[in-house]
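*Asks:* Structure below; questions to follow.
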Amino acid sequence: MHLRPLRALPACTPLSGSLLVGILLIGGLSASAVAQDMDMHAGHNMDMPVMQGDSVLWRMPPMNMSMPMLPGMESEVPITAAYLPGAGLDPMSVPEARPFEIMDVKNGDTIHLQAGLVRRQIGDQTLVMMGYNGQYPGPLLRVDKGANINVHFVNAIDQPTTVHGHGLRLDDYRFDGIPGISQAPVESGESFLYKLNFPDTGLYWYHPHMREDVQQDLGLYGNMLVSPIEDDYYAPVNREQTLILDDILIDANGIIPYGESAPTHALMGRFGNVMLTNGVTDFSMDVRQGEVVRFFLTNVANSRTYNVVFGGNPIKIVASDVSKYEREMSVGSVVIAPAERYIVDVLFEDAGEVTVTNTVQAIDHFRGEFYPSIHNLATIRVSDTPADVSHADAFHKLRTNEDVVSDIDTFRPYFDKAPDKELELTVRVDNLPLPIMRMMEVDTLYVPPIEWNDAMPMMNWLSTGEQVEWLLREKSTGRESMDIEWTFEKDDVVKVRIFNTPDSFHPMNHPIHFHGQRFLVTHIDGVENPNLVWKDTTIIPVGSTVDLLVHMSNPGKWMAHCHIAEHLHAGMMLGFEVTE
Amino acid sequence: MKLPTLSVLGVVGALLLAATWMSFPSASDARIPVPVSACSDLDPDPPVYYAIDLVPTRKVPGTRMAEGQGDVTFATSPFGVSISENGQYVYNLSIAMEKVRLRDGQALDVWVTTPDLDKIRHIGRLDDELKTKGTVDWNKFLVVVTLESAAEDPGATWTGPIVARGMSRSGLMHTMAGHGPFESEPCAVYGYR
């Protein structure tokens, strides 16, 4: 017994109620269904070619094939058409991408940045992807604090795009890259001159702000490293290395297509099954025994939160998005949500090979259990040649950054004030396939604070931005997302309380990002944060209430949103204005 | 008589069916803005969702009416959420009991243990306000409150009777193997019986 007739009925119509669920469950119990596990994925064309004629074909993403298919889902595909930039192109017809280069950009310089198609090698596959200046990741822009630069951007991909300087507190919001708020989209073949300024030392990144679920996922991202003025701003180290963490969803036939009119994976975001560090699957580096290495970590994945472990070597956390911490701390791992950055020092005391891993406890919803999930991110070869200079003593000293403490002291009187704004994070769904609707109700007896893996790959893939609407809901007005109207004055100090409700169709963690400003995470679930750092993005776990103290330092029209690419494009954003 | 009876039954049946169908929100229903007052209260206290209800065994004199709750918040971390090197959540666990009458020389100790009971850790001894705090770095755990001698320090495990017990929210996560829509999958394949 197959339940295909169900597909002819639109879900969530009056006919899609209990009666049909009853039929569905009866179908699940029927004798003929017992045999379904042998071919339960047969309808999903997992071995289909990428294209048929001029059309990109859907094929189900790779998943654990021991997980049985929900009855009624055997041949469901997303409701949007399949889309894959560069599909049908001979990969050899596009330029081969090369590893990123460092661009030292001086105050007043104008640089050229072009988004285009590139040929990439991911494992043993040759793929058509995207890159800035033909590089993966895009060029590392190294500038001094206080610099002003121009970026002449050219769009050579087949979609409109923009460039957003993530974390930059720009003097002029018109260069923030937000289509419809700060600029018009840069159409294919057009160009735009961005004027960027860098008021804060630290690690930043740039990426598109249109269809990030596609463009960023295909490689449009790069770092900006703002050097300090002071020589002793950081403790001394032997070497520095940027690590951009990403993942990509591919199978034997290449990249799994994207949704043409709306993102797929709208419930949980698109988790990749292949880890990329600086754009490759086998990133490695050589260090000497006893060296202290400063790693600049950026998470550019669409949805994945990482728990980065350096093989048990000691880690000291130094800085995050927009500043150093008040006090350096020793940590065992680095938890980094999409769009966050962390600067950490790691001491390699012993010679040998160190594997950097993403070490999490994933969830198997079908079996109802946690299981250890470890992905290799990088290999660090520690030679037995001793470091030229030992910085071990400086490493072991946990500095208090008086400059940061002093800066934050100005804001401390506001820590305990009542919230100025209160948001609830939730979701509304409409017209998802009925089996998903029913299964989610059973499956959400327990929701973890953080989703470390795509625990429901089939249901997630089928959910599109046309059926799922992620919401920022304002408590005082009931307004939602872009209907929220916030206006502040320059240098207002605004407490924003965000509650990630567990009582929704699909609760999930959200990395919330404020454009153009900086904020402190003062409290989580009522517990005061004892060691502060200026942030532009922070994770809001399920069930938690997080207080952000936002310094509205930069006038202009800005945006705040979830940085899971699919959630953003499913509506989870609001606009706000800061007046002079 | 037959025809009217059938008609009534038919109407009742139709109403029941209609009620059944109406129990699912239609697309238009889902679009109605939720009134502000219907939003969840924004609460800066420990997450209610992950709170642990401590259920008394009602077997120990003086504790038969006992009530209690465990609250979890993330242990202090520069990342907001606190995660161990092996990927487990690291929680601060606060325990509060009430409606307990202890005799002189008695104390209540709080323990956490894995679902398999193969690891046990002492969280703390309830103070005069029947509260204690500790840290747990397991994703799924049980909380056990036991009656002990106040004169003796807690050992590696409890020795007295269990007064109350609770389960982390993650304990509600259950296998779907062999159940419901996955009935075609035999439980035994996955080690469940």
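Identifiers for the structure tokens are assigned positionally: chains receive A, B, ... in sequence, residues are indexed from 1 per chain, and ligands are indexed from 1 in the order shown.
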Looking only at the backbone, which of the residues in region 147-355 of chain A does DSSP tag as alpha helix (DSSP H), as a PyMOL selection string?
*Replies:* chain A and resi 212-215
*Asks:* Please, could you write that set of residues out with N, CA and C atoms as a short mmCIF file (atom, residue, chain, number, x, y, z; two decimals), in the first residue's frame?
*Replies:*
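Result went into selection-v8.cif, see below:
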data_model
loop_
_atom_site.label_atom_id
_atom_site.label_comp_id
_atom_site.auth_asym_id
_atom_site.auth_seq_id
_atom_site.Cartn_x
_atom_site.Cartn_y
_atom_site.Cartn_z
N GLU A 212 21.79 34.60 0.49
CA GLU A 212 23.00 34.04 1.10
C GLU A 212 22.98 32.52 1.09
N ASP A 213 21.74 31.99 1.18
CA ASP A 213 21.63 30.52 1.21
C ASP A 213 22.26 29.91 -0.03
N VAL A 214 22.34 30.68 -1.11
CA VAL A 214 22.95 30.18 -2.35
C VAL A 214 24.36 30.77 -2.51
N GLN A 215 24.43 32.09 -2.53
CA GLN A 215 25.68 32.75 -2.92
C GLN A 215 26.80 32.55 -1.88
#
*Asks:* If we count only C-alpha atoms, what is near region 461-466 of chain A at a cut-off of 7 Å, once residues fewer than 5 positions away on the same chain are taken out, given as a ChimeraX atom specification?
*Replies:* /A:77-78,262-267,432,569-570
*Asks:* Tell me, as a list in words, which residues lie within 12 Å of Asp128 (chain B), counting only C-alpha atoms; anything in the same chain fewer than 5 positions away does not count.
*Replies:*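 Counting only C-alpha atoms, the residues come to Ala96, Met97, Glu98, Val100, Arg101, Leu102, Gln106, Ala107 and Leu108 of chain B.
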*Asks:* Can you work out the spacing between CA of Gly202 (chain A) and CA of Val226 (chain A) in Å, to one decimal?
*Replies:*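 One can read the CA of Gly202 (chain A) to CA of Val226 (chain A) distance as 5.1 Å.
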*Asks:* Just how far from CA of Leu398 (chain A) is CA of Ser330 (chain A), in Å to one decimal?
*Replies:* 7.9 Å
